[in-house]
file input13.csv (CSV, N, CA and C atoms)
chain,number,residue,atom,x,y,z
T,269,MET,N,104.5,8.2,96.3
T,269,MET,CA,103.5,9.0,95.6
T,269,MET,C,103.4,10.5,96.1
T,270,SER,N,103.6,10.6,97.4
T,270,SER,CA,103.5,12.0,98.0
T,270,SER,C,104.5,12.9,97.5
T,271,GLU,N,105.8,12.5,97.3
T,271,GLU,CA,106.8,13.3,96.7
T,271,GLU,C,106.5,13.7,95.3
T,272,ALA,N,105.9,12.8,94.5
T,272,ALA,CA,105.5,13.1,93.1
T,272,ALA,C,104.4,14.1,93.1
T,273,ASN,N,103.5,14.0,94.1
T,273,ASN,CA,102.4,15.0,94.1
T,273,ASN,C,102.9,16.4,94.5
T,274,ALA,N,103.9,16.4,95.4
T,274,ALA,CA,104.5,17.7,95.8
T,274,ALA,C,105.2,18.3,94.6
T,275,GLN,N,105.9,17.5,93.8
T,275,GLN,CA,106.6,18.0,92.7
T,275,GLN,C,105.6,18.6,91.6
T,276,VAL,N,104.5,17.9,91.4
T,276,VAL,CA,103.5,18.5,90.5
T,276,VAL,C,103.0,19.8,91.1
T,277,ALA,N,102.8,19.9,92.4
T,277,ALA,CA,102.4,21.2,93.0
T,277,ALA,C,103.4,22.3,92.7
T,278,ARG,N,104.7,22.0,92.9
T,278,ARG,CA,105.8,22.9,92.7
T,278,ARG,C,105.8,23.4,91.2
T,279,GLN,N,105.7,22.4,90.3
T,279,GLN,CA,105.7,22.7,88.9
T,279,GLN,C,104.5,23.6,88.5
T,280,SER,N,103.4,23.4,89.2
T,280,SER,CA,102.2,24.3,88.9
T,280,SER,C,102.5,25.7,89.3
T,281,PHE,N,103.1,25.9,90.4
T,281,PHE,CA,103.4,27.3,90.9
T,281,PHE,C,104.5,27.9,89.9
T,282,HIS,N,105.4,27.1,89.5
T,282,HIS,CA,106.4,27.7,88.5
T,282,HIS,C,105.7,28.1,87.2
T,283,ALA,N,104.8,27.3,86.8
T,283,ALA,CA,104.0,27.6,85.5
T,283,ALA,C,103.2,28.9,85.7
T,284,ILE,N,102.6,29.1,86.9
T,284,ILE,CA,101.8,30.3,87.1
T,284,ILE,C,102.7,31.5,87.1
T,285,CYS,N,103.9,31.4,87.8
T,285,CYS,CA,104.8,32.5,87.8
T,285,CYS,C,105.3,32.9,86.4
T,286,ARG,N,105.5,31.9,85.6
T,286,ARG,CA,105.9,32.2,84.2
T,286,ARG,C,104.8,32.6,83.3
T,287,ARG,N,103.6,32.5,83.8
T,287,ARG,CA,102.3,32.7,83.0
T,287,ARG,C,102.3,31.7,81.8
T,288,ASP,N,102.7,30.5,82.1
T,288,ASP,CA,102.7,29.4,81.2
T,288,ASP,C,101.4,28.6,81.4
T,289,ILE,N,100.3,29.1,80.9
T,289,ILE,CA,99.0,28.5,81.2
T,289,ILE,C,98.9,27.1,80.5
T,290,ASP,N,99.5,27.0,79.3
T,290,ASP,CA,99.5,25.7,78.6
T,290,ASP,C,100.3,24.7,79.4
T,291,GLY,N,101.4,25.1,80.0
T,291,GLY,CA,102.2,24.2,80.8
T,291,GLY,C,101.4,23.8,82.1
T,292,LEU,N,100.7,24.8,82.7
T,292,LEU,CA,99.9,24.6,83.9
T,292,LEU,C,98.8,23.6,83.6
T,293,LEU,N,98.1,23.7,82.4
T,293,LEU,CA,97.0,22.8,82.1
T,293,LEU,C,97.5,21.4,81.9
T,294,GLU,N,98.8,21.2,81.5
T,294,GLU,CA,99.3,19.9,81.4
T,294,GLU,C,99.3,19.2,82.8
T,295,LEU,N,99.4,19.9,83.8
T,295,LEU,CA,99.4,19.4,85.2
T,295,LEU,C,98.0,19.2,85.8
T,296,TYR,N,97.0,19.9,85.2
T,296,TYR,CA,95.7,19.9,85.7
T,296,TYR,C,94.8,18.8,84.9
T,297,HIS,N,94.0,18.2,85.7
T,297,HIS,CA,93.0,17.2,85.1
T,297,HIS,C,92.0,18.0,84.2
T,298,ALA,N,91.5,17.4,83.2
T,298,ALA,CA,90.6,18.1,82.3
T,298,ALA,C,89.4,18.7,83.0
T,299,GLU,N,89.0,18.1,84.2
T,299,GLU,CA,87.8,18.5,84.9
T,299,GLU,C,88.2,19.3,86.2
T,300,ILE,N,89.4,20.0,86.2
T,300,ILE,CA,89.9,20.7,87.3
T,300,ILE,C,88.8,21.6,87.9
T,301,GLU,N,88.8,21.6,89.3
T,301,GLU,CA,88.0,22.6,90.0
T,301,GLU,C,89.1,23.7,90.5
T,302,PHE,N,89.0,24.9,90.0
T,302,PHE,CA,89.9,25.9,90.3
T,302,PHE,C,89.2,26.9,91.2
T,303,LEU,N,89.6,27.0,92.5
T,303,LEU,CA,88.9,27.8,93.4
T,303,LEU,C,89.8,28.9,94.1
T,304,PRO,N,90.1,29.9,93.4
T,304,PRO,CA,91.0,31.0,93.9
T,304,PRO,C,90.3,31.9,94.9
T,305,LEU,N,91.0,32.7,95.6
T,305,LEU,CA,90.4,33.7,96.5
T,305,LEU,C,89.8,34.8,95.8
T,306,THR,N,90.2,35.2,94.6
T,306,THR,CA,89.7,36.3,93.8
T,306,THR,C,89.2,35.8,92.5
T,307,GLY,N,88.4,36.6,91.8
T,307,GLY,CA,87.9,36.3,90.5
T,307,GLY,C,86.4,36.5,90.4
T,308,THR,N,85.9,36.6,89.2
T,308,THR,CA,84.5,36.9,89.1
T,308,THR,C,83.6,35.7,89.4
T,309,ARG,N,84.2,34.5,89.5
T,309,ARG,CA,83.4,33.3,89.7
T,309,ARG,C,83.6,32.7,91.1
T,310,VAL,N,84.2,33.4,92.0
T,310,VAL,CA,84.5,32.9,93.3
T,310,VAL,C,83.2,32.5,94.1
T,311,GLU,N,82.3,33.4,94.0
T,311,GLU,CA,81.0,33.2,94.8
T,311,GLU,C,80.1,32.2,94.1
T,312,SER,N,80.3,31.9,92.8
T,312,SER,CA,79.4,31.0,92.1
T,312,SER,C,80.1,29.6,91.9
T,313,GLY,N,81.1,29.3,92.7
T,313,GLY,CA,81.6,28.0,92.6
T,313,GLY,C,83.0,27.8,91.9
T,314,GLY,N,83.6,28.9,91.5
T,314,GLY,CA,84.9,28.9,91.0
T,314,GLY,C,85.0,28.6,89.5
T,315,TYR,N,86.1,28.1,89.0
T,315,TYR,CA,86.3,27.9,87.6
T,315,TYR,C,86.5,26.4,87.4
T,316,VAL,N,85.8,25.9,86.3
T,316,VAL,CA,85.8,24.5,86.1
T,316,VAL,C,86.4,24.2,84.7
T,317,GLY,N,87.3,23.1,84.7
T,317,GLY,CA,87.8,22.7,83.5
T,317,GLY,C,88.9,23.6,83.0
T,318,HIS,N,89.6,23.1,81.9
T,318,HIS,CA,90.7,23.9,81.3
T,318,HIS,C,90.2,25.3,80.8
T,319,ALA,N,89.0,25.3,80.3
T,319,ALA,CA,88.5,26.6,79.8
T,319,ALA,C,88.3,27.6,80.9
T,320,GLY,N,87.8,27.1,82.1
T,320,GLY,CA,87.6,27.9,83.2
T,320,GLY,C,88.9,28.5,83.8
T,321,VAL,N,90.0,27.6,83.8
T,321,VAL,CA,91.3,28.1,84.3
T,321,VAL,C,91.8,29.2,83.3
T,322,ARG,N,91.6,29.0,82.0
T,322,ARG,CA,92.1,30.0,81.1
T,322,ARG,C,91.3,31.3,81.3
T,323,ASP,N,90.0,31.2,81.6
T,323,ASP,CA,89.2,32.4,81.9
T,323,ASP,C,89.7,33.1,83.1
T,324,TYR,N,90.1,32.4,84.2
T,324,TYR,CA,90.6,33.0,85.4
T,324,TYR,C,91.9,33.8,85.1
T,325,PHE,N,92.8,33.1,84.4
T,325,PHE,CA,94.1,33.8,84.2
T,325,PHE,C,94.0,35.0,83.2
T,326,HIS,N,93.0,34.9,82.3
T,326,HIS,CA,92.7,36.1,81.5
T,326,HIS,C,92.2,37.3,82.4
T,327,GLU,N,91.3,37.0,83.3
T,327,GLU,CA,90.8,38.0,84.2
T,327,GLU,C,92.0,38.5,85.1
T,328,ALA,N,92.8,37.6,85.6
T,328,ALA,CA,93.9,38.0,86.5
T,328,ALA,C,94.9,38.9,85.8
T,329,ASN,N,95.1,38.5,84.5
T,329,ASN,CA,96.1,39.3,83.7
T,329,ASN,C,95.6,40.7,83.5
T,330,GLU,N,94.3,41.0,83.5
T,330,GLU,CA,93.8,42.3,83.4
T,330,GLU,C,94.0,43.1,84.6
T,331,VAL,N,94.1,42.5,85.8
T,331,VAL,CA,94.3,43.1,87.1
T,331,VAL,C,95.7,43.2,87.5
T,332,TRP,N,96.5,42.1,87.4
T,332,TRP,CA,97.8,42.0,87.9
T,332,TRP,C,98.9,41.9,86.8
T,333,GLU,N,99.8,42.9,86.9
T,333,GLU,CA,100.9,42.9,85.9
T,333,GLU,C,101.8,41.7,86.3
T,334,GLU,N,102.0,41.5,87.6
T,334,GLU,CA,102.8,40.4,88.1
T,334,GLU,C,102.0,39.6,89.1
T,335,MET,N,102.1,38.3,89.1
T,335,MET,CA,101.4,37.4,90.1
T,335,MET,C,102.4,36.2,90.3
T,336,GLN,N,103.0,36.2,91.5
T,336,GLN,CA,104.0,35.3,91.8
T,336,GLN,C,103.7,34.5,93.1
T,337,PRO,N,102.9,33.4,93.0
T,337,PRO,CA,102.7,32.6,94.2
T,337,PRO,C,104.0,32.0,94.6
T,338,HIS,N,104.2,31.9,95.9
T,338,HIS,CA,105.4,31.2,96.4
T,338,HIS,C,105.0,30.2,97.5
T,339,ALA,N,105.7,29.1,97.4
T,339,ALA,CA,105.5,28.0,98.4
T,339,ALA,C,106.6,28.0,99.4
T,340,ASP,N,106.3,28.3,100.6
T,340,ASP,CA,107.4,28.3,101.6
T,340,ASP,C,107.4,27.0,102.4
T,341,ASP,N,106.3,26.3,102.4
T,341,ASP,CA,106.2,25.0,103.1
T,341,ASP,C,105.2,24.1,102.4
T,342,ILE,N,105.6,22.9,102.0
T,342,ILE,CA,104.8,22.0,101.3
T,342,ILE,C,104.6,20.7,102.1
T,343,ARG,N,103.4,20.3,102.3
T,343,ARG,CA,103.1,19.1,103.1
T,343,ARG,C,102.2,18.2,102.3
T,344,THR,N,102.3,16.9,102.4
T,344,THR,CA,101.4,16.0,101.7
T,344,THR,C,100.6,15.2,102.7
T,345,VAL,N,99.4,15.0,102.4
T,345,VAL,CA,98.5,14.2,103.3
T,345,VAL,C,97.6,13.4,102.3
T,346,GLY,N,97.8,12.1,102.2
T,346,GLY,CA,97.0,11.4,101.3
T,346,GLY,C,97.1,11.9,99.9
T,347,ASP,N,96.0,12.2,99.2
T,347,ASP,CA,96.0,12.7,97.9
T,347,ASP,C,96.0,14.2,97.8
T,348,GLN,N,96.3,14.9,98.9
T,348,GLN,CA,96.3,16.3,99.0
T,348,GLN,C,97.7,16.8,99.2
T,349,VAL,N,98.0,18.0,98.6
T,349,VAL,CA,99.2,18.7,98.9
T,349,VAL,C,98.8,20.1,99.5
T,350,VAL,N,99.3,20.3,100.7
T,350,VAL,CA,99.1,21.6,101.4
T,350,VAL,C,100.3,22.5,101.1
T,351,ILE,N,100.0,23.7,100.6
T,351,ILE,CA,101.1,24.7,100.3
T,351,ILE,C,100.8,25.9,101.2
T,352,LEU,N,101.8,26.2,102.0
T,352,LEU,CA,101.8,27.4,102.9
T,352,LEU,C,102.8,28.4,102.3
T,353,GLY,N,102.3,29.6,102.0
T,353,GLY,CA,103.2,30.6,101.4
T,353,GLY,C,102.5,31.9,101.3
T,354,GLY,N,102.6,32.4,100.1
T,354,GLY,CA,102.0,33.7,99.8
T,354,GLY,C,101.9,34.0,98.3
T,355,CYS,N,101.5,35.2,98.0
T,355,CYS,CA,101.4,35.5,96.6
T,355,CYS,C,101.8,37.0,96.5
T,356,ALA,N,102.9,37.3,95.8
T,356,ALA,CA,103.3,38.6,95.5
T,356,ALA,C,102.7,39.1,94.2
T,357,VAL,N,102.1,40.2,94.2
T,357,VAL,CA,101.4,40.8,93.0
T,357,VAL,C,101.8,42.2,92.9
T,358,ARG,N,101.6,42.7,91.6
T,358,ARG,CA,101.8,44.1,91.3
T,358,ARG,C,100.6,44.5,90.4
T,359,GLY,N,99.9,45.5,90.8
T,359,GLY,CA,98.7,45.9,90.1
T,359,GLY,C,99.0,46.5,88.7
T,360,ARG,N,98.2,46.1,87.7
T,360,ARG,CA,98.5,46.6,86.3
T,360,ARG,C,98.3,48.1,86.2
T,361,GLY,N,97.3,48.6,86.7
T,361,GLY,CA,97.0,50.1,86.6
T,361,GLY,C,97.8,50.9,87.6
T,362,SER,N,97.9,50.4,88.8
T,362,SER,CA,98.5,51.2,89.9
T,362,SER,C,100.0,51.0,90.1
T,363,GLY,N,100.4,49.8,89.7
T,363,GLY,CA,101.8,49.5,90.0
T,363,GLY,C,102.1,49.2,91.4
T,364,ALA,N,101.0,49.2,92.3
T,364,ALA,CA,101.1,48.9,93.7
T,364,ALA,C,101.5,47.4,93.9
T,365,ARG,N,102.4,47.2,94.8
T,365,ARG,CA,102.9,45.8,95.1
T,365,ARG,C,102.4,45.4,96.5
T,366,SER,N,102.1,44.1,96.6
T,366,SER,CA,101.9,43.5,97.9
T,366,SER,C,102.3,42.0,97.8
T,367,ASP,N,102.5,41.5,99.0
T,367,ASP,CA,102.9,40.1,99.1
T,367,ASP,C,102.1,39.6,100.3
T,368,ASN,N,101.0,39.0,100.1
T,368,ASN,CA,100.1,38.5,101.2
T,368,ASN,C,100.3,37.1,101.5
T,369,PRO,N,100.2,36.7,102.8
T,369,PRO,CA,100.2,35.3,103.1
T,369,PRO,C,99.0,34.6,102.5
T,370,MET,N,99.2,33.4,102.1
T,370,MET,CA,98.1,32.6,101.5
T,370,MET,C,98.5,31.1,101.7
T,371,ALA,N,97.5,30.3,101.4
T,371,ALA,CA,97.8,28.8,101.5
T,371,ALA,C,96.8,28.2,100.5
T,372,TRP,N,97.2,27.0,100.1
T,372,TRP,CA,96.4,26.3,99.0
T,372,TRP,C,96.4,24.8,99.4
T,373,VAL,N,95.3,24.2,99.0
T,373,VAL,CA,95.3,22.7,99.0
T,373,VAL,C,95.0,22.2,97.6
T,374,LEU,N,95.9,21.4,97.1
T,374,LEU,CA,95.7,20.8,95.8
T,374,LEU,C,95.4,19.4,96.0
T,375,THR,N,94.4,18.9,95.4
T,375,THR,CA,94.0,17.5,95.4
T,375,THR,C,94.4,16.8,94.1
T,376,MET,N,95.1,15.7,94.3
T,376,MET,CA,95.7,15.0,93.1
T,376,MET,C,94.9,13.7,92.8
T,377,ARG,N,94.9,13.4,91.6
T,377,ARG,CA,94.4,12.1,91.1
T,377,ARG,C,95.2,11.7,89.9
T,378,GLU,N,95.8,10.5,90.0
T,378,GLU,CA,96.5,9.9,88.9
T,378,GLU,C,97.6,10.9,88.3
T,379,GLY,N,98.3,11.6,89.3
T,379,GLY,CA,99.4,12.5,88.9
T,379,GLY,C,99.0,13.9,88.4
T,380,LYS,N,97.7,14.2,88.4
T,380,LYS,CA,97.2,15.5,88.0
T,380,LYS,C,96.4,16.2,89.1
T,381,VAL,N,96.4,17.5,89.0
T,381,VAL,CA,95.6,18.3,90.0
T,381,VAL,C,94.2,18.3,89.6
T,382,VAL,N,93.3,17.8,90.4
T,382,VAL,CA,91.9,17.8,90.1
T,382,VAL,C,91.1,18.9,90.9
T,383,ARG,N,91.8,19.5,91.9
T,383,ARG,CA,91.2,20.6,92.7
T,383,ARG,C,92.3,21.5,93.2
T,384,HIS,N,92.1,22.7,92.9
T,384,HIS,CA,93.1,23.7,93.4
T,384,HIS,C,92.3,24.8,94.1
T,385,ARG,N,92.5,24.8,95.5
T,385,ARG,CA,91.7,25.8,96.3
T,385,ARG,C,92.6,26.7,97.1
T,386,GLY,N,92.4,28.0,97.0
T,386,GLY,CA,93.1,28.9,97.8
T,386,GLY,C,92.5,29.3,99.1
T,387,PHE,N,93.3,29.6,100.1
T,387,PHE,CA,92.8,30.0,101.4
T,387,PHE,C,93.5,31.2,101.9
T,388,ALA,N,92.9,32.1,102.7
T,388,ALA,CA,93.4,33.3,103.2
T,388,ALA,C,94.4,33.1,104.3
T,389,THR,N,94.3,31.9,105.0
T,389,THR,CA,95.2,31.7,106.1
T,389,THR,C,95.7,30.2,106.0
T,390,ARG,N,96.8,30.0,106.6
T,390,ARG,CA,97.4,28.7,106.7
T,390,ARG,C,96.5,27.8,107.6
T,391,GLU,N,95.9,28.3,108.6
T,391,GLU,CA,95.0,27.5,109.5
T,391,GLU,C,93.8,27.0,108.7
T,392,GLU,N,93.3,27.8,107.8
T,392,GLU,CA,92.1,27.3,107.1
T,392,GLU,C,92.5,26.1,106.1
T,393,ALA,N,93.7,26.3,105.5
T,393,ALA,CA,94.2,25.2,104.6
T,393,ALA,C,94.5,23.9,105.4
T,394,LEU,N,95.2,24.1,106.5
T,394,LEU,CA,95.5,22.9,107.3
T,394,LEU,C,94.2,22.2,107.8
T,395,GLU,N,93.3,23.0,108.2
T,395,GLU,CA,92.0,22.4,108.7
T,395,GLU,C,91.3,21.7,107.5
T,396,ALA,N,91.3,22.3,106.3
T,396,ALA,CA,90.6,21.7,105.2
T,396,ALA,C,91.3,20.4,104.8
T,397,ALA,N,92.6,20.2,105.0
T,397,ALA,CA,93.3,19.0,104.7
T,397,ALA,C,93.3,18.0,105.9
T,398,GLY,N,92.6,18.4,107.0
T,398,GLY,CA,92.6,17.5,108.1
T,398,GLY,C,93.8,17.5,109.0
T,399,LEU,N,94.6,18.6,108.9
T,399,LEU,CA,95.8,18.8,109.7
T,399,LEU,C,95.6,19.9,110.6
T,400,SER,N,96.3,19.9,111.7
T,400,SER,CA,96.3,21.1,112.6
T,400,SER,C,97.7,21.3,113.2
T,401,GLU,N,97.9,22.5,113.6
T,401,GLU,CA,99.2,22.8,114.3
T,401,GLU,C,99.1,23.0,115.7
call {"tool": "encode", "arguments": {"input": "input13.csv", "output": "structure tokens"}}
result
Amino acid sequence: MSEANAQVARQSFHAICRRDIDGLLELYHAEIEFLPLTGTRVESGGYVGHAGVRDYFHEANEVWEEMQPHADDIRTVGDQVVILGGCAVRGRGSGARSDNPMAWVLTMREGKVVRHRGFATREEALEAAGLSE
């Protein structure tokens, strides 16, 4: 099951890079909790459900011309997939590029992502998943 969960995580990143939100939502549970590091709802609990995820990517599309999360290391622990990597972006207005380290913890249930949470550091993600280095 852990390899299947890791594969779903990889597919979700590929869908985000292609801006294939319909494809992404096929991998997400209908009641997904989407908790990115940025967005207008970060402080109020994130984005909930497929409509919430669509709202987030609509907002992100207004800010980022390109958004390419990359998974450099994927680990599974129970029903969670820990992804250590980063996200390369290019600003829509400025054209400025950056590639910042990030990490994510995706919680799986019945082959679907039920929670997608971003972290600024790998240490925070590992701690959230009950792992440490």
call {"tool": "closest_residue", "arguments": {"input": "input13.csv", "among": "T:Val316, T:Leu295, T:Leu394, T:Leu374", "to": "Ser280 of chain T", "atoms": "only N, CA and C atoms"}}
result
T:Leu295
call {"tool": "closest_residue", "arguments": {"input": "input13.csv", "among": "T:Gln348, T:Ser400, T:Ser362, T:Thr308", "to": "Glu334 of chain T", "atoms": "only C-alpha atoms"}}
result
T:Ser362
call {"tool": "closest_residue", "arguments": {"input": "input13.csv", "among": "T:Glu327, T:His384, T:Gly363, T:Asp340", "to": "Glu301 of chain T", "atoms": "only N, CA and C atoms"}}
result
T:His384
call {"tool": "select_by_dssp", "arguments": {"input": "input13.csv", "residues": "chain T", "states": "strand (DSSP E)", "output": "PyMOL selection string"}}
result
chain T and resi 296-303+315-316+332-345+348-359+365-377+380-387
call {"tool": "residues_around", "arguments": {"input": "input13.csv", "residues": "Asp347 of chain T", "least_positions_apart": "5", "cutoff": "7 Å", "atoms": "all atoms listed in the file", "output": "PyMOL selection string"}}
result
chain T and resi 374-377
